[in-house]
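What follows is entry-v8.cif (mmCIF, C-alpha atoms and all ligand atoms).
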data_upload
loop_
_atom_site.group_PDB
_atom_site.id
_atom_site.type_symbol
_atom_site.label_atom_id
_atom_site.label_comp_id
_atom_site.auth_asym_id
_atom_site.auth_seq_id
_atom_site.Cartn_x
_atom_site.Cartn_y
_atom_site.Cartn_z
ATOM 1 C CA MET A 792 -42.897 13.438 -35.693
ATOM 2 C CA PRO A 793 -42.193 10.083 -33.967
ATOM 3 C CA VAL A 794 -42.165 7.123 -36.374
ATOM 4 C CA LEU A 795 -44.915 5.322 -34.489
ATOM 5 C CA THR A 796 -47.175 8.366 -34.775
ATOM 6 C CA THR A 797 -46.551 8.388 -38.513
ATOM 7 C CA GLN A 798 -47.297 4.675 -38.622
ATOM 8 C CA VAL A 799 -50.610 5.054 -36.817
ATOM 9 C CA LYS A 800 -51.573 7.771 -39.289
ATOM 10 C CA LYS A 801 -50.527 5.629 -42.266
ATOM 11 C CA ASP A 802 -52.429 2.702 -40.837
ATOM 12 C CA LYS A 803 -55.549 4.812 -40.605
ATOM 13 C CA SER A 804 -55.584 4.960 -44.398
ATOM 14 C CA LEU A 805 -54.776 1.237 -44.657
ATOM 15 C CA HIS A 806 -57.555 0.725 -42.244
ATOM 16 C CA ARG A 807 -60.000 2.482 -44.579
ATOM 17 C CA GLU A 808 -59.004 0.039 -47.332
ATOM 18 C CA ASP A 809 -59.686 -2.921 -45.040
ATOM 19 C CA ASN A 810 -63.078 -1.493 -44.187
ATOM 20 C CA LYS A 811 -64.232 -2.131 -47.740
ATOM 21 C CA THR A 812 -64.403 -5.833 -46.943
ATOM 22 C CA GLN A 813 -66.349 -5.423 -43.756
ATOM 23 C CA GLN A 814 -69.990 -6.139 -43.228
ATOM 24 C CA HIS A 815 -70.905 -2.677 -42.034
ATOM 25 C CA VAL A 816 -68.856 0.466 -42.344
ATOM 26 C CA SER A 817 -69.286 2.580 -39.282
ATOM 27 C CA SER A 818 -69.316 6.292 -39.964
ATOM 28 C CA THR A 819 -69.602 7.098 -36.276
ATOM 29 C CA THR A 820 -66.849 7.567 -33.752
ATOM 30 C CA VAL A 821 -67.716 4.349 -31.939
ATOM 31 C CA LYS A 822 -64.962 1.724 -31.890
ATOM 32 C CA VAL A 823 -66.532 -0.982 -29.775
ATOM 33 C CA GLN A 824 -70.120 -1.787 -28.953
ATOM 34 C CA LEU A 825 -71.771 -4.540 -26.937
ATOM 35 C CA GLN A 826 -75.497 -4.741 -27.462
ATOM 36 C CA SER A 827 -77.430 -6.833 -24.918
ATOM 37 C CA VAL A 828 -74.622 -9.391 -24.753
ATOM 38 C CA THR A 829 -74.995 -12.551 -22.731
ATOM 39 C CA LYS A 830 -72.158 -15.058 -22.538
ATOM 40 C CA THR A 831 -72.971 -18.414 -21.013
ATOM 41 C CA TYR A 832 -70.180 -20.995 -21.089
ATOM 42 C CA THR A 833 -71.021 -24.596 -21.957
ATOM 43 C CA ASN A 834 -70.858 -25.567 -18.261
ATOM 44 C CA GLY A 835 -73.703 -23.125 -17.575
ATOM 45 C CA THR A 836 -71.633 -20.271 -16.096
ATOM 46 C CA HIS A 837 -73.109 -16.889 -16.976
ATOM 47 C CA ALA A 838 -70.056 -14.650 -17.443
ATOM 48 C CA LEU A 839 -71.988 -11.700 -18.914
ATOM 49 C CA LEU A 840 -75.717 -11.045 -18.701
ATOM 50 C CA ASN A 841 -77.424 -8.608 -21.045
ATOM 51 C CA ALA A 842 -74.334 -6.362 -21.020
ATOM 52 C CA ASN A 843 -74.144 -3.092 -22.934
ATOM 53 C CA LEU A 844 -71.057 -1.026 -23.645
ATOM 54 C CA GLU A 845 -69.902 1.672 -26.013
ATOM 55 C CA VAL A 846 -66.263 2.691 -26.380
ATOM 56 C CA LYS A 847 -65.411 5.680 -28.531
ATOM 57 C CA LYS A 848 -62.463 5.869 -30.925
ATOM 58 C CA GLY A 849 -59.394 7.162 -29.134
ATOM 59 C CA GLU A 850 -60.742 6.419 -25.666
ATOM 60 C CA PHE A 851 -58.619 4.919 -22.855
ATOM 61 C CA LEU A 852 -60.912 2.750 -20.773
ATOM 62 C CA PHE A 853 -60.324 0.675 -17.651
ATOM 63 C CA ILE A 854 -62.429 -2.436 -17.020
ATOM 64 C CA THR A 855 -62.493 -3.311 -13.329
ATOM 65 C CA GLY A 856 -64.310 -5.857 -11.220
ATOM 66 C CA PRO A 857 -63.705 -8.720 -8.815
ATOM 67 C CA SER A 858 -62.048 -11.964 -9.855
ATOM 68 C CA GLY A 859 -64.394 -14.070 -11.956
ATOM 69 C CA SER A 860 -66.671 -11.127 -12.763
ATOM 70 C CA GLY A 861 -66.201 -11.464 -16.533
ATOM 71 C CA LYS A 862 -63.404 -9.012 -17.474
ATOM 72 C CA SER A 863 -61.394 -11.503 -19.546
ATOM 73 C CA THR A 864 -64.550 -12.838 -21.133
ATOM 74 C CA LEU A 865 -65.437 -9.318 -22.250
ATOM 75 C CA LEU A 866 -62.033 -8.864 -23.921
ATOM 76 C CA LYS A 867 -62.176 -12.332 -25.497
ATOM 77 C CA LEU A 868 -65.517 -11.427 -27.052
ATOM 78 C CA LEU A 869 -63.936 -8.320 -28.588
ATOM 79 C CA TYR A 870 -61.260 -10.249 -30.455
ATOM 80 C CA GLY A 871 -63.478 -13.195 -31.297
ATOM 81 C CA GLN A 872 -61.890 -15.835 -29.081
ATOM 82 C CA GLU A 873 -65.316 -16.343 -27.521
ATOM 83 C CA LEU A 874 -68.684 -15.808 -29.182
ATOM 84 C CA PRO A 875 -71.678 -14.259 -27.453
ATOM 85 C CA THR A 876 -74.548 -16.570 -26.555
ATOM 86 C CA GLN A 877 -76.928 -13.694 -27.239
ATOM 87 C CA GLY A 878 -76.553 -10.122 -28.439
ATOM 88 C CA GLU A 879 -74.036 -8.452 -30.720
ATOM 89 C CA VAL A 880 -70.393 -7.543 -30.334
ATOM 90 C CA ILE A 881 -69.462 -4.836 -32.813
ATOM 91 C CA VAL A 882 -65.816 -3.864 -33.339
ATOM 92 C CA ASP A 883 -64.953 -1.286 -35.968
ATOM 93 C CA GLY A 884 -68.441 -1.585 -37.422
ATOM 94 C CA CYS A 885 -68.164 -5.393 -37.757
ATOM 95 C CA ASN A 886 -70.344 -7.919 -35.997
ATOM 96 C CA VAL A 887 -67.510 -10.113 -34.670
ATOM 97 C CA ALA A 888 -69.675 -13.261 -34.474
ATOM 98 C CA GLY A 889 -70.400 -12.980 -38.201
ATOM 99 C CA LEU A 890 -66.721 -13.037 -39.215
ATOM 100 C CA ARG A 891 -64.915 -16.194 -40.281
ATOM 101 C CA GLY A 892 -61.531 -17.070 -41.775
ATOM 102 C CA ASP A 893 -59.811 -14.207 -43.579
ATOM 103 C CA ARG A 894 -62.270 -11.590 -42.430
ATOM 104 C CA LEU A 895 -61.745 -12.492 -38.778
ATOM 105 C CA SER A 896 -57.961 -12.478 -39.380
ATOM 106 C CA LEU A 897 -58.223 -9.015 -40.935
ATOM 107 C CA LEU A 898 -60.070 -7.697 -37.912
ATOM 108 C CA ARG A 899 -57.554 -9.296 -35.542
ATOM 109 C CA ARG A 900 -54.704 -7.604 -37.371
ATOM 110 C CA ARG A 901 -56.170 -4.340 -36.212
ATOM 111 C CA ILE A 902 -56.329 -5.458 -32.582
ATOM 112 C CA GLY A 903 -53.231 -5.642 -30.397
ATOM 113 C CA ILE A 904 -53.550 -7.934 -27.392
ATOM 114 C CA VAL A 905 -51.494 -7.893 -24.206
ATOM 115 C CA PHE A 906 -51.886 -10.809 -21.786
ATOM 116 C CA GLN A 907 -51.133 -10.965 -18.071
ATOM 117 C CA ASP A 908 -48.826 -13.974 -18.572
ATOM 118 C CA TYR A 909 -46.954 -12.392 -21.551
ATOM 119 C CA LYS A 910 -47.150 -15.509 -23.785
ATOM 120 C CA LEU A 911 -43.621 -15.036 -25.152
ATOM 121 C CA ILE A 912 -41.797 -17.705 -27.150
ATOM 122 C CA THR A 913 -38.931 -18.750 -24.892
ATOM 123 C CA GLN A 914 -36.601 -19.966 -27.674
ATOM 124 C CA ARG A 915 -36.806 -16.651 -29.548
ATOM 125 C CA THR A 916 -35.079 -13.354 -28.838
ATOM 126 C CA VAL A 917 -36.892 -10.155 -27.918
ATOM 127 C CA ALA A 918 -36.608 -8.903 -31.519
ATOM 128 C CA GLU A 919 -37.879 -12.228 -32.881
ATOM 129 C CA ASN A 920 -40.815 -12.302 -30.457
ATOM 130 C CA VAL A 921 -41.804 -8.800 -31.498
ATOM 131 C CA THR A 922 -41.499 -9.352 -35.252
ATOM 132 C CA PHE A 923 -42.834 -12.904 -35.412
ATOM 133 C CA VAL A 924 -46.414 -11.853 -36.143
ATOM 134 C CA LEU A 925 -45.361 -9.336 -38.787
ATOM 135 C CA GLN A 926 -43.415 -12.084 -40.574
ATOM 136 C CA ALA A 927 -46.451 -14.344 -40.446
ATOM 137 C CA GLN A 928 -48.521 -11.519 -41.915
ATOM 138 C CA GLY A 929 -46.142 -11.179 -44.869
ATOM 139 C CA TYR A 930 -44.516 -7.823 -44.058
ATOM 140 C CA THR A 931 -41.262 -7.268 -45.967
ATOM 141 C CA ARG A 932 -37.964 -7.562 -44.107
ATOM 142 C CA LYS A 933 -37.388 -3.832 -44.693
ATOM 143 C CA GLU A 934 -40.768 -2.867 -43.239
ATOM 144 C CA ILE A 935 -40.214 -5.147 -40.251
ATOM 145 C CA GLN A 936 -36.852 -3.482 -39.546
ATOM 146 C CA ARG A 937 -38.428 -0.038 -39.961
ATOM 147 C CA ARG A 938 -40.996 -0.872 -37.301
ATOM 148 C CA LEU A 939 -38.823 -2.808 -34.868
ATOM 149 C CA GLU A 940 -36.483 -0.080 -33.634
ATOM 150 C CA PRO A 941 -39.022 2.628 -32.723
ATOM 151 C CA THR A 942 -41.226 0.004 -31.078
ATOM 152 C CA LEU A 943 -38.415 -1.351 -28.891
ATOM 153 C CA LYS A 944 -37.393 2.219 -28.109
ATOM 154 C CA LEU A 945 -40.925 3.082 -27.018
ATOM 155 C CA VAL A 946 -40.990 0.212 -24.513
ATOM 156 C CA GLY A 947 -37.391 0.905 -23.408
ATOM 157 C CA LEU A 948 -35.932 -2.384 -24.658
ATOM 158 C CA LEU A 949 -33.705 -1.410 -27.575
ATOM 159 C CA SER A 950 -30.619 -2.624 -25.730
ATOM 160 C CA LYS A 951 -32.282 -6.003 -25.007
ATOM 161 C CA ALA A 952 -33.229 -6.851 -28.599
ATOM 162 C CA ASP A 953 -30.989 -9.940 -28.673
ATOM 163 C CA CYS A 954 -31.878 -11.253 -25.218
ATOM 164 C CA PHE A 955 -34.098 -14.260 -24.623
ATOM 165 C CA PRO A 956 -37.195 -13.944 -22.402
ATOM 166 C CA ASP A 957 -35.605 -15.851 -19.494
ATOM 167 C CA GLN A 958 -32.831 -13.249 -19.410
ATOM 168 C CA LEU A 959 -35.382 -10.519 -18.669
ATOM 169 C CA SER A 960 -37.262 -9.362 -15.573
ATOM 170 C CA GLY A 961 -41.037 -9.782 -15.380
ATOM 171 C CA GLY A 962 -41.562 -6.105 -16.161
ATOM 172 C CA GLU A 963 -39.283 -6.342 -19.190
ATOM 173 C CA GLN A 964 -41.076 -9.457 -20.416
ATOM 174 C CA GLN A 965 -44.379 -7.658 -20.160
ATOM 175 C CA ARG A 966 -42.919 -4.759 -22.153
ATOM 176 C CA VAL A 967 -41.833 -7.246 -24.866
ATOM 177 C CA SER A 968 -45.414 -8.470 -25.032
ATOM 178 C CA ILE A 969 -46.603 -4.868 -25.370
ATOM 179 C CA ALA A 970 -44.058 -4.277 -28.148
ATOM 180 C CA ARG A 971 -45.381 -7.378 -29.931
ATOM 181 C CA ALA A 972 -48.944 -6.098 -29.577
ATOM 182 C CA ILE A 973 -48.188 -2.617 -30.928
ATOM 183 C CA VAL A 974 -45.557 -3.231 -33.621
ATOM 184 C CA GLY A 975 -48.307 -3.568 -36.230
ATOM 185 C CA THR A 976 -49.743 -0.223 -34.982
ATOM 186 C CA PRO A 977 -53.238 -1.573 -34.314
ATOM 187 C CA PRO A 978 -55.914 1.080 -33.844
ATOM 188 C CA LEU A 979 -57.369 -0.988 -30.965
ATOM 189 C CA LEU A 980 -55.274 -2.282 -28.079
ATOM 190 C CA LEU A 981 -56.708 -4.729 -25.528
ATOM 191 C CA ALA A 982 -54.745 -5.478 -22.374
ATOM 192 C CA ASP A 983 -55.987 -8.204 -20.019
ATOM 193 C CA GLU A 984 -54.548 -7.600 -16.535
ATOM 194 C CA PRO A 985 -51.256 -6.366 -18.040
ATOM 195 C CA THR A 986 -49.925 -5.377 -14.614
ATOM 196 C CA GLY A 987 -51.231 -8.420 -12.715
ATOM 197 C CA ASN A 988 -47.762 -9.880 -12.145
ATOM 198 C CA LEU A 989 -45.856 -6.610 -11.728
ATOM 199 C CA ASP A 990 -44.789 -4.408 -8.826
ATOM 200 C CA PRO A 991 -46.121 -0.818 -8.619
ATOM 201 C CA ASP A 992 -43.171 0.760 -10.483
ATOM 202 C CA ASN A 993 -43.333 -1.695 -13.379
ATOM 203 C CA SER A 994 -47.131 -1.424 -13.443
ATOM 204 C CA TRP A 995 -46.887 2.328 -13.779
ATOM 205 C CA GLN A 996 -44.320 1.985 -16.604
ATOM 206 C CA VAL A 997 -46.682 -0.326 -18.466
ATOM 207 C CA ILE A 998 -49.622 2.064 -18.046
ATOM 208 C CA GLN A 999 -47.491 4.969 -19.249
ATOM 209 C CA ILE A 1000 -46.593 3.052 -22.425
ATOM 210 C CA LEU A 1001 -50.253 2.257 -23.043
ATOM 211 C CA GLN A 1002 -51.113 5.922 -22.465
ATOM 212 C CA LYS A 1003 -48.492 6.962 -24.985
ATOM 213 C CA LEU A 1004 -50.016 4.633 -27.562
ATOM 214 C CA ASN A 1005 -53.377 6.157 -26.750
ATOM 215 C CA SER A 1006 -51.941 9.630 -27.321
ATOM 216 C CA PHE A 1007 -50.883 8.462 -30.814
ATOM 217 C CA GLY A 1008 -54.542 7.714 -31.536
ATOM 218 C CA ALA A 1009 -55.087 4.081 -30.505
ATOM 219 C CA THR A 1010 -58.202 3.103 -28.579
ATOM 220 C CA VAL A 1011 -57.033 1.298 -25.447
ATOM 221 C CA ILE A 1012 -59.051 -1.011 -23.177
ATOM 222 C CA VAL A 1013 -57.315 -2.324 -20.057
ATOM 223 C CA SER A 1014 -58.776 -4.812 -17.587
ATOM 224 C CA THR A 1015 -57.388 -4.621 -14.065
ATOM 225 C CA HIS A 1016 -58.268 -5.241 -10.453
ATOM 226 C CA ASP A 1017 -55.644 -2.708 -9.334
ATOM 227 C CA GLU A 1018 -57.861 0.040 -7.918
ATOM 228 C CA GLN A 1019 -54.844 2.154 -6.942
ATOM 229 C CA LEU A 1020 -53.597 2.208 -10.494
ATOM 230 C CA VAL A 1021 -57.038 3.178 -11.765
ATOM 231 C CA ARG A 1022 -57.261 6.021 -9.236
ATOM 232 C CA ARG A 1023 -53.819 7.258 -10.269
ATOM 233 C CA CYS A 1024 -55.002 7.714 -13.869
ATOM 234 C CA ASN A 1025 -57.780 9.970 -14.946
ATOM 235 C CA HIS A 1026 -59.498 7.600 -17.372
ATOM 236 C CA PRO A 1027 -63.070 6.399 -17.606
ATOM 237 C CA VAL A 1028 -63.867 3.131 -15.824
ATOM 238 C CA VAL A 1029 -66.383 0.398 -16.537
ATOM 239 C CA GLN A 1030 -67.150 -1.912 -13.650
ATOM 240 C CA VAL A 1031 -68.135 -5.533 -14.253
ATOM 241 C CA ARG A 1032 -70.339 -6.969 -11.531
ATOM 242 C CA ASN A 1033 -72.634 -9.976 -11.712
ATOM 243 C CA GLY A 1034 -72.208 -10.041 -15.472
ATOM 244 C CA GLN A 1035 -73.417 -6.447 -15.880
ATOM 245 C CA LEU A 1036 -71.353 -3.444 -16.989
ATOM 246 C CA SER A 1037 -71.691 0.026 -15.554
ATOM 247 C CA ARG A 1038 -69.694 3.193 -16.189
ATOM 248 C CA LYS A 1039 -68.394 4.739 -12.992
HETATM 249 N N1 LIG A 1101 -63.840 -21.452 -20.725
HETATM 250 C C1 LIG A 1101 -64.657 -21.336 -19.659
HETATM 251 N N2 LIG A 1101 -65.546 -22.278 -19.378
HETATM 252 C C2 LIG A 1101 -66.383 -22.176 -18.334
HETATM 253 N N3 LIG A 1101 -66.428 -21.101 -17.513
HETATM 254 C C3 LIG A 1101 -65.545 -20.115 -17.741
HETATM 255 C C4 LIG A 1101 -64.609 -20.172 -18.816
HETATM 256 N N4 LIG A 1101 -63.872 -19.035 -18.814
HETATM 257 C C5 LIG A 1101 -64.319 -18.317 -17.776
HETATM 258 N N5 LIG A 1101 -65.321 -18.953 -17.122
HETATM 259 C C6 LIG A 1101 -66.085 -18.471 -15.974
HETATM 260 O O1 LIG A 1101 -66.698 -17.242 -16.359
HETATM 261 C C7 LIG A 1101 -66.653 -16.307 -15.274
HETATM 262 C C8 LIG A 1101 -65.919 -15.070 -15.712
HETATM 263 O O2 LIG A 1101 -64.554 -15.407 -15.948
HETATM 264 P P1 LIG A 1101 -63.485 -14.339 -16.458
HETATM 265 O O3 LIG A 1101 -62.208 -15.070 -16.678
HETATM 266 O O4 LIG A 1101 -64.050 -13.594 -17.584
HETATM 267 O O5 LIG A 1101 -63.388 -13.393 -15.164
HETATM 268 P P2 LIG A 1101 -62.320 -12.267 -14.797
HETATM 269 O O6 LIG A 1101 -63.099 -11.119 -14.264
HETATM 270 O O7 LIG A 1101 -61.423 -12.013 -15.954
HETATM 271 O O8 LIG A 1101 -61.516 -12.972 -13.629
HETATM 272 P P3 LIG A 1101 -59.986 -12.734 -13.126
HETATM 273 O O9 LIG A 1101 -59.922 -11.310 -12.632
HETATM 274 O O10 LIG A 1101 -59.843 -13.725 -12.011
HETATM 275 O O11 LIG A 1101 -59.091 -13.015 -14.290
HETATM 276 C C9 LIG A 1101 -66.005 -17.039 -14.105
HETATM 277 O O12 LIG A 1101 -67.018 -17.566 -13.301
HETATM 278 C C10 LIG A 1101 -65.217 -18.154 -14.773
HETATM 279 O O13 LIG A 1101 -65.100 -19.269 -13.927
#

Could you express the structure from this file as structure tokens?
Ligand SMILES: Nc1ncnc2c1ncn2[C@@H]1O[C@H](COP(=O)(O)OP(=O)(O)OP(=O)(O)O)[C@@H](O)[C@H]1O
Amino acid sequence: MPVLTTQVKKDKSLHREDNKTQQHVSSTTVKVQLQSVTKTYTNGTHALLNANLEVKKGEFLFITGPSGSGKSTLLKLLYGQELPTQGEVIVDGCNVAGLRGDRLSLLRRRIGIVFQDYKLITQRTVAENVTFVLQAQGYTRKEIQRRLEPTLKLVGLLSKADCFPDQLSGGEQQRVSIARAIVGTPPLLLADEPTGNLDPDNSWQVIQILQKLNSFGATVIVSTHDEQLVRRCNHPVVQVRNGQLSRK
């Protein structure tokens, strides 16, 4: 059995431990829920208006919609970077807006995030970029090494472990950012326009990696405006339009 598969399974039991500290323990198969969520930014922009969404555990979901429709805002609400103006955002049975400090950190440890602009640390190697968060979270050196190799292998970057980001192509840099997001084997992976800066071949590679993670059991939510890519995959789609969400 691939090491990452084993890790996801192990993390499921870890995950049960973490649940003890949560506000609500969800016994359902729902991973993410938005209940009548409105997000109005301080300048008065309504990014989401009375939006509802339910994402099941293990689902692979695309979020599509025109530029400025609220896709990033939706993902930011899920990992607590933004708070809803009204309504509830529930992730893993937790009301995200009600979490502070350690409890918010615990939830975020179970969410991997991939950004369109990679957000890599330029002075650190590929291996260091990938393991940086694990070090900050207090993983042992042995555990970090155990996780690093299969993760780099999965994204096809084992031979580039000692390279710096500026020695890599855009597609490779995006795969480093995916490796960083998944090395902690989070049960929920959020990717905000992960293929926005990539050509079709690299975009497809990225989607295939995310699909593999999904096949190991992770719930994956990907925002994109690449309709071709969405059509190429057979995954459910939620469209954001005028702040409302609808399943296509
Ligand atoms: N911090 C902010 N303050 C004020 N308005 C914001 C802020 N962030 C986003 N917005 C506005 O909220 C709306 C939704 O933005 P969001 O970034 O969620 O859209 P998006 O669908 O991800 O767009 P894109 O596809 O271009 O990335 C837009 O009108 C945007 O201008």

Problem set entry | Among the residues A:Thr831, A:Thr913, A:Gln928, A:Asn993, the one that comes closest to ligand LIG 1101 (chain A) [using all atoms listed in the file] |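 Looking at the shortest contact to ligand LIG 1101 (chain A), the residue is A:Thr831.
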
Give me, as a Markdown table, each residue of chain A that comes within 10 Å of ligand LIG 1101 (chain A), together with its shortest interatomic pair and the distance in Å at one decimal, counting all atoms listed in the file, with rows ordered by chain and rising residue number.
| residue | atom | partner | partner_atom | distance |
| --- | --- | --- | --- | --- |
| A:Lys830 | CA | A:LIG1101 | O1 | 8.5 |
| A:Thr831 | CA | A:LIG1101 | N3 | 7.9 |
| A:Tyr832 | CA | A:LIG1101 | C2 | 4.8 |
| A:Thr833 | CA | A:LIG1101 | C2 | 6.4 |
| A:Asn834 | CA | A:LIG1101 | C2 | 5.6 |
| A:Gly835 | CA | A:LIG1101 | C2 | 7.4 |
| A:Thr836 | CA | A:LIG1101 | N3 | 5.5 |
| A:His837 | CA | A:LIG1101 | O1 | 6.5 |
| A:Ala838 | CA | A:LIG1101 | C7 | 4.4 |
| A:Leu839 | CA | A:LIG1101 | C8 | 7.6 |
| A:Ile854 | CA | A:LIG1101 | O6 | 9.1 |
| A:Thr855 | CA | A:LIG1101 | O6 | 7.9 |
| A:Gly856 | CA | A:LIG1101 | O6 | 6.2 |
| A:Pro857 | CA | A:LIG1101 | O9 | 6.0 |
| A:Ser858 | CA | A:LIG1101 | O10 | 3.6 |
| A:Gly859 | CA | A:LIG1101 | O5 | 3.4 |
| A:Ser860 | CA | A:LIG1101 | O6 | 3.9 |
| A:Gly861 | CA | A:LIG1101 | O4 | 3.2 |
| A:Lys862 | CA | A:LIG1101 | O6 | 3.9 |
| A:Ser863 | CA | A:LIG1101 | O7 | 3.6 |
| A:Thr864 | CA | A:LIG1101 | O4 | 3.7 |
| A:Leu865 | CA | A:LIG1101 | O4 | 6.5 |
| A:Leu866 | CA | A:LIG1101 | O4 | 8.2 |
| A:Lys867 | CA | A:LIG1101 | O4 | 8.2 |
| A:Leu868 | CA | A:LIG1101 | O4 | 9.8 |
| A:Glu873 | CA | A:LIG1101 | N1 | 8.6 |
| A:Gln907 | CA | A:LIG1101 | O11 | 9.0 |
| A:Asp983 | CA | A:LIG1101 | O7 | 7.8 |
| A:Glu984 | CA | A:LIG1101 | O11 | 7.4 |
| A:Gly987 | CA | A:LIG1101 | O9 | 9.2 |
| A:Ser1014 | CA | A:LIG1101 | O7 | 7.8 |
| A:Thr1015 | CA | A:LIG1101 | O9 | 7.3 |
| A:His1016 | CA | A:LIG1101 | O9 | 6.7 |
| A:Val1031 | CA | A:LIG1101 | O6 | 7.5 |
| A:Arg1032 | CA | A:LIG1101 | O6 | 8.8 |
| A:Asn1033 | CA | A:LIG1101 | C8 | 9.3 |
| A:Gly1034 | CA | A:LIG1101 | C8 | 8.1 |

Problem set entry | Atomic separation - CA of Gly1008 in chain A relative to CA of Phe851 in chain A, Å | 10.0 Å

For this session: Please identify all polymer residues within 12 Å of Arg900 in chain A, counting all atoms listed in the file, omitting same-chain residues fewer than 2 positions from it, and present them as number ranges by chain.
Result: A: 802, 805-806, 809, 870, 893-898, 902-904, 924-925, 927-929, 971-980

Expected file contents, prior selection, C-alpha atoms, as a PDB file, in the frame of the given file:
ATOM      1  CA  ASP A 802     -52.429   2.702 -40.837  1.00  0.00           C
ATOM      2  CA  LEU A 805     -54.776   1.237 -44.657  1.00  0.00           C
ATOM      3  CA  HIS A 806     -57.555   0.725 -42.244  1.00  0.00           C
ATOM      4  CA  ASP A 809     -59.686  -2.921 -45.040  1.00  0.00           C
ATOM      5  CA  TYR A 870     -61.260 -10.249 -30.455  1.00  0.00           C
ATOM      6  CA  ASP A 893     -59.811 -14.207 -43.579  1.00  0.00           C
ATOM      7  CA  ARG A 894     -62.270 -11.590 -42.430  1.00  0.00           C
ATOM      8  CA  LEU A 895     -61.745 -12.492 -38.778  1.00  0.00           C
ATOM      9  CA  SER A 896     -57.961 -12.478 -39.380  1.00  0.00           C
ATOM     10  CA  LEU A 897     -58.223  -9.015 -40.935  1.00  0.00           C
ATOM     11  CA  LEU A 898     -60.070  -7.697 -37.912  1.00  0.00           C
ATOM     12  CA  ILE A 902     -56.329  -5.458 -32.582  1.00  0.00           C
ATOM     13  CA  GLY A 903     -53.231  -5.642 -30.397  1.00  0.00           C
ATOM     14  CA  ILE A 904     -53.550  -7.934 -27.392  1.00  0.00           C
ATOM     15  CA  VAL A 924     -46.414 -11.853 -36.143  1.00  0.00           C
ATOM     16  CA  LEU A 925     -45.361  -9.336 -38.787  1.00  0.00           C
ATOM     17  CA  ALA A 927     -46.451 -14.344 -40.446  1.00  0.00           C
ATOM     18  CA  GLN A 928     -48.521 -11.519 -41.915  1.00  0.00           C
ATOM     19  CA  GLY A 929     -46.142 -11.179 -44.869  1.00  0.00           C
ATOM     20  CA  ARG A 971     -45.381  -7.378 -29.931  1.00  0.00           C
ATOM     21  CA  ALA A 972     -48.944  -6.098 -29.577  1.00  0.00           C
ATOM     22  CA  ILE A 973     -48.188  -2.617 -30.928  1.00  0.00           C
ATOM     23  CA  VAL A 974     -45.557  -3.231 -33.621  1.00  0.00           C
ATOM     24  CA  GLY A 975     -48.307  -3.568 -36.230  1.00  0.00           C
ATOM     25  CA  THR A 976     -49.743  -0.223 -34.982  1.00  0.00           C
ATOM     26  CA  PRO A 977     -53.238  -1.573 -34.314  1.00  0.00           C
ATOM     27  CA  PRO A 978     -55.914   1.080 -33.844  1.00  0.00           C
ATOM     28  CA  LEU A 979     -57.369  -0.988 -30.965  1.00  0.00           C
ATOM     29  CA  LEU A 980     -55.274  -2.282 -28.079  1.00  0.00           C
TER      30      LEU A 980
END

For this session: Using the chain letters and numbering of this document, enumerate as a count of residues only the residues selected by the PyMOL selection byres (((chain A and resi 968) around 8) and not hetatm).
Result: 14

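With all atoms listed in the file as the atoms that count, the minimum distance from Gly871 in chain A to the choices A:Lys847, A:Arg932, A:Lys1039, A:Arg891 is reached by A:Arg891.
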
For this session: Report as a PyMOL selection string the full result of the PyMOL selection byres (((chain A and resi 1026) around 8) and not hetatm) when it is applied to this structure.
Result: chain A and resi 851-853+1021+1024-1025+1027-1028

For this session: Just the residues within 7 Å of range 949-951 of chain A, please, counting all atoms listed in the file, with nothing from its chain fewer than 5 positions along; format it as number ranges by chain.
Result: A: 917, 940, 943-944

At the level of N, CA and C atoms, write range 878-886 of chain A to a file as a short mmCIF file (atom, residue, chain, number, x, y, z; two decimals), in the first residue's frame, please.
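Result file follows (decode_21.cif):
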data_model
loop_
_atom_site.label_atom_id
_atom_site.label_comp_id
_atom_site.auth_asym_id
_atom_site.auth_seq_id
_atom_site.Cartn_x
_atom_site.Cartn_y
_atom_site.Cartn_z
N GLY A 878 -24.63 33.97 8.80
CA GLY A 878 -24.67 32.55 8.48
C GLY A 878 -23.54 31.78 9.12
N GLU A 879 -23.51 30.48 8.84
CA GLU A 879 -22.50 29.62 9.48
C GLU A 879 -21.68 28.86 8.45
N VAL A 880 -20.39 28.78 8.73
CA VAL A 880 -19.49 27.97 7.91
C VAL A 880 -19.03 26.82 8.80
N ILE A 881 -19.41 25.62 8.42
CA ILE A 881 -19.10 24.45 9.24
C ILE A 881 -18.09 23.58 8.49
N VAL A 882 -16.95 23.32 9.11
CA VAL A 882 -15.95 22.44 8.50
C VAL A 882 -15.65 21.35 9.52
N ASP A 883 -15.83 20.10 9.11
CA ASP A 883 -15.55 19.00 10.02
C ASP A 883 -16.39 19.10 11.30
N GLY A 884 -17.59 19.59 11.20
CA GLY A 884 -18.44 19.69 12.37
C GLY A 884 -18.18 20.92 13.23
N CYS A 885 -17.19 21.76 12.84
CA CYS A 885 -16.87 22.96 13.63
C CYS A 885 -17.41 24.20 12.95
N ASN A 886 -17.99 25.08 13.74
CA ASN A 886 -18.36 26.40 13.25
C ASN A 886 -17.06 27.23 13.20
#
